[in-house]
Amino acid sequence: MDERHWWIATKIQESFHVGGFTDNPTLLEDFLCEPRTLELINQFLGQGGLNKLFFYSDRPQTSALQQGGLQSTRQLHVVSSLANLNDVNIEETTCLYFLRHSVEKEVDPVRMEKDIFCGELRHSVLDNLNTLLSDIFLPLLKAQKDWGLCSDENKNQCLNNLERYAAALGETVNVPSSARQQVAD
């Protein structure tokens, strides 16, 4: 394992608090070194490999939350596609995602923060959609250099419309669910 693996371990520790509130990514070493997990991480970090990686776990029950989070890495799972989560109740799950815009070359340890988009899915469907749009798609599209035959005017119009949609969605997310229910009736 190199510093790239430890960077991922730190993000997992921050999201899932494995072992409680102690900030110790070495608690994840056995999990990260499992053959399947290590293979997926290496494919994600390598040239021409995976462009997305997901770690997920059921949300801890109240007693586990009081102790600080997941107490064991046995509760953590890793997949390369959300399609593999068919039998998982997303409303009861926390998911940490890692995304790469380009897999043309291996991830550079110096540029991890710039080359990899990382975040969590942990709330309602609307929260997740808002997070995906605001934290992933908009930054990715803004960073996109090649828009093919699309004119600058069309590119700007597309980005402006997405930003307005994200703002409207953000306002909806902040409305209490009881009020959203009344509006829907």
# chains A, B, ... in the order shown; residues from 1 in each chain; ligands from 1

$ residues_around --residues "Leu162 (chain A)" --least-positions-apart "4" --cutoff "9 Å" --atoms "only C-alpha atoms" --output "short mmCIF file (atom, residue, chain, number, x, y, z; two decimals) with N, CA, C and O atoms, in the first residue's frame"
data_model
loop_
_atom_site.label_atom_id
_atom_site.label_comp_id
_atom_site.auth_asym_id
_atom_site.auth_seq_id
_atom_site.Cartn_x
_atom_site.Cartn_y
_atom_site.Cartn_z
N LEU A 133 -25.77 16.38 -8.15
CA LEU A 133 -25.78 17.48 -9.10
C LEU A 133 -24.81 18.59 -8.71
O LEU A 133 -23.99 19.03 -9.52
N SER A 134 -24.89 19.03 -7.46
CA SER A 134 -24.09 20.18 -7.01
C SER A 134 -22.62 19.85 -6.80
O SER A 134 -21.75 20.67 -7.11
N LEU A 138 -21.96 19.19 -11.72
CA LEU A 138 -21.61 20.56 -12.08
C LEU A 138 -20.10 20.79 -12.08
O LEU A 138 -19.56 21.33 -13.05
N GLN A 157 -25.30 28.04 -21.52
CA GLN A 157 -26.72 27.89 -21.25
C GLN A 157 -26.99 26.59 -20.49
O GLN A 157 -27.77 26.57 -19.53
N CYS A 158 -26.34 25.52 -20.89
CA CYS A 158 -26.51 24.24 -20.21
C CYS A 158 -26.06 24.34 -18.75
O CYS A 158 -26.78 23.91 -17.84
N ALA A 166 -30.14 23.06 -9.74
CA ALA A 166 -29.52 22.68 -8.47
C ALA A 166 -29.97 23.61 -7.34
O ALA A 166 -30.22 23.15 -6.22
N ALA A 167 -30.08 24.90 -7.63
CA ALA A 167 -30.54 25.85 -6.61
C ALA A 167 -31.98 25.56 -6.21
O ALA A 167 -32.32 25.56 -5.01
#

$ select_by_dssp --residues "region 5-180 of chain A" --states "strand (DSSP E)" --output "list in words"
Lys52, Leu53, Phe54, Phe55, Tyr56, Ser57, Asp58, His77, Val78, Val79, Thr93, Thr94, Cys95, Leu96, Tyr97, Phe98, Leu99, Arg100, Ile116, Phe117, Cys118, Gly119, Glu120 and Leu121 of chain A

$ residues_around --residues "Phe98 (chain A)" --least-positions-apart "3" --cutoff "10 Å" --atoms "only C-alpha atoms" --output "list in words"
Ile8, Lys11, Phe44, Asn51, Lys52, Leu53, Phe54, Phe55, Ser80, Ile116, Phe117, Cys118, Gly119 and Glu120 of chain A

$ select_by_dssp --residues "region 18-153 of chain A" --states "alpha helix (DSSP H)" --output "number ranges by chain"
A: 29-32, 35-45, 62-67, 112-115, 125-131, 138-143, 152-153

$ residues_around --residues "Met1 (chain A)" --least-positions-apart "3" --cutoff "10 Å" --atoms "only C-alpha atoms" --output "PDB file with N, CA, C and O atoms, in the first residue's frame"
ATOM      1  N   ARG A   4      -1.477   6.747  -1.646  1.00  0.00           N
ATOM      2  CA  ARG A   4      -2.793   6.859  -2.278  1.00  0.00           C
ATOM      3  C   ARG A   4      -3.811   5.982  -1.543  1.00  0.00           C
ATOM      4  O   ARG A   4      -4.942   6.387  -1.311  1.00  0.00           O
ATOM      5  N   HIS A   5      -3.386   4.784  -1.159  1.00  0.00           N
ATOM      6  CA  HIS A   5      -4.259   3.879  -0.416  1.00  0.00           C
ATOM      7  C   HIS A   5      -4.594   4.472   0.958  1.00  0.00           C
ATOM      8  O   HIS A   5      -5.724   4.369   1.432  1.00  0.00           O
ATOM      9  N   TRP A   6      -3.601   5.097   1.591  1.00  0.00           N
ATOM     10  CA  TRP A   6      -3.833   5.700   2.911  1.00  0.00           C
ATOM     11  C   TRP A   6      -4.748   6.913   2.802  1.00  0.00           C
ATOM     12  O   TRP A   6      -5.517   7.199   3.712  1.00  0.00           O
ATOM     13  N   GLU A  29      -6.524  -1.232   7.661  1.00  0.00           N
ATOM     14  CA  GLU A  29      -5.497  -1.899   6.863  1.00  0.00           C
ATOM     15  C   GLU A  29      -5.896  -3.317   6.447  1.00  0.00           C
ATOM     16  O   GLU A  29      -5.749  -3.693   5.278  1.00  0.00           O
ATOM     17  N   LEU A  32      -8.542  -3.059   3.713  1.00  0.00           N
ATOM     18  CA  LEU A  32      -7.986  -2.593   2.447  1.00  0.00           C
ATOM     19  C   LEU A  32      -7.096  -3.640   1.785  1.00  0.00           C
ATOM     20  O   LEU A  32      -6.974  -3.672   0.563  1.00  0.00           O
ATOM     21  N   CYS A  33      -6.478  -4.502   2.582  1.00  0.00           N
ATOM     22  CA  CYS A  33      -5.577  -5.521   2.037  1.00  0.00           C
ATOM     23  C   CYS A  33      -6.287  -6.814   1.646  1.00  0.00           C
ATOM     24  O   CYS A  33      -5.640  -7.730   1.121  1.00  0.00           O
ATOM     25  N   LEU A  38      -8.440  -4.720  -2.354  1.00  0.00           N
ATOM     26  CA  LEU A  38      -7.189  -4.170  -2.873  1.00  0.00           C
ATOM     27  C   LEU A  38      -7.172  -4.166  -4.398  1.00  0.00           C
ATOM     28  O   LEU A  38      -6.720  -3.208  -5.022  1.00  0.00           O
ATOM     29  N   ASN A  42      -6.778  -0.806  -6.558  1.00  0.00           N
ATOM     30  CA  ASN A  42      -5.674  -0.696  -7.512  1.00  0.00           C
ATOM     31  C   ASN A  42      -6.171  -0.453  -8.931  1.00  0.00           C
ATOM     32  O   ASN A  42      -5.565   0.308  -9.680  1.00  0.00           O
TER      33      ASN A  42
END

$ closest_residue --among "A:Gln75, A:Ser81, A:Ser57, A:Gln13" --to "Leu40 (chain A)" --atoms "only C-alpha atoms"
A:Ser81

$ residues_around --residues "Glu3 (chain A)" --least-positions-apart "6" --cutoff "12 Å" --atoms "only C-alpha atoms" --output "ChimeraX atom specification"
/A:9-10,25,45,107-112

$ closest_residue --among "A:Leu121, A:Leu141, A:Leu129, A:Val103" --to "Gly46 (chain A)" --atoms "only C-alpha atoms"
A:Val103

$ residues_around --residues "Lys155 (chain A)" --least-positions-apart "6" --cutoff "12 Å" --atoms "only C-alpha atoms" --output "number ranges by chain"
A: 138, 141-149, 161-162

$ atom_distance --atom1 "CA of Arg164 (chain A)" --atom2 "CA of Leu132 (chain A)"
14.5 Å

$ closest_residue --among "A:Gln47, A:Ser15, A:Asp115, A:Arg36" --to "Val79 (chain A)" --atoms "only C-alpha atoms"
A:Arg36

$ closest_residue --among "A:Cys150, A:Leu27, A:Pro139, A:Lys114" --to "Glu163 (chain A)" --atoms "only C-alpha atoms"
A:Pro139

$ atom_distance --atom1 "CA of Ala168 (chain A)" --atom2 "CA of Arg100 (chain A)"
27.1 Å

$ closest_residue --among "A:Cys95, A:Asn160, A:Gly49, A:Leu76" --to "Val18 (chain A)" --atoms "only C-alpha atoms"
A:Leu76

$ closest_residue --among "A:Asp2, A:Asp135, A:Glu113, A:Glu92" --to "Arg59 (chain A)" --atoms "only C-alpha atoms"
A:Glu92
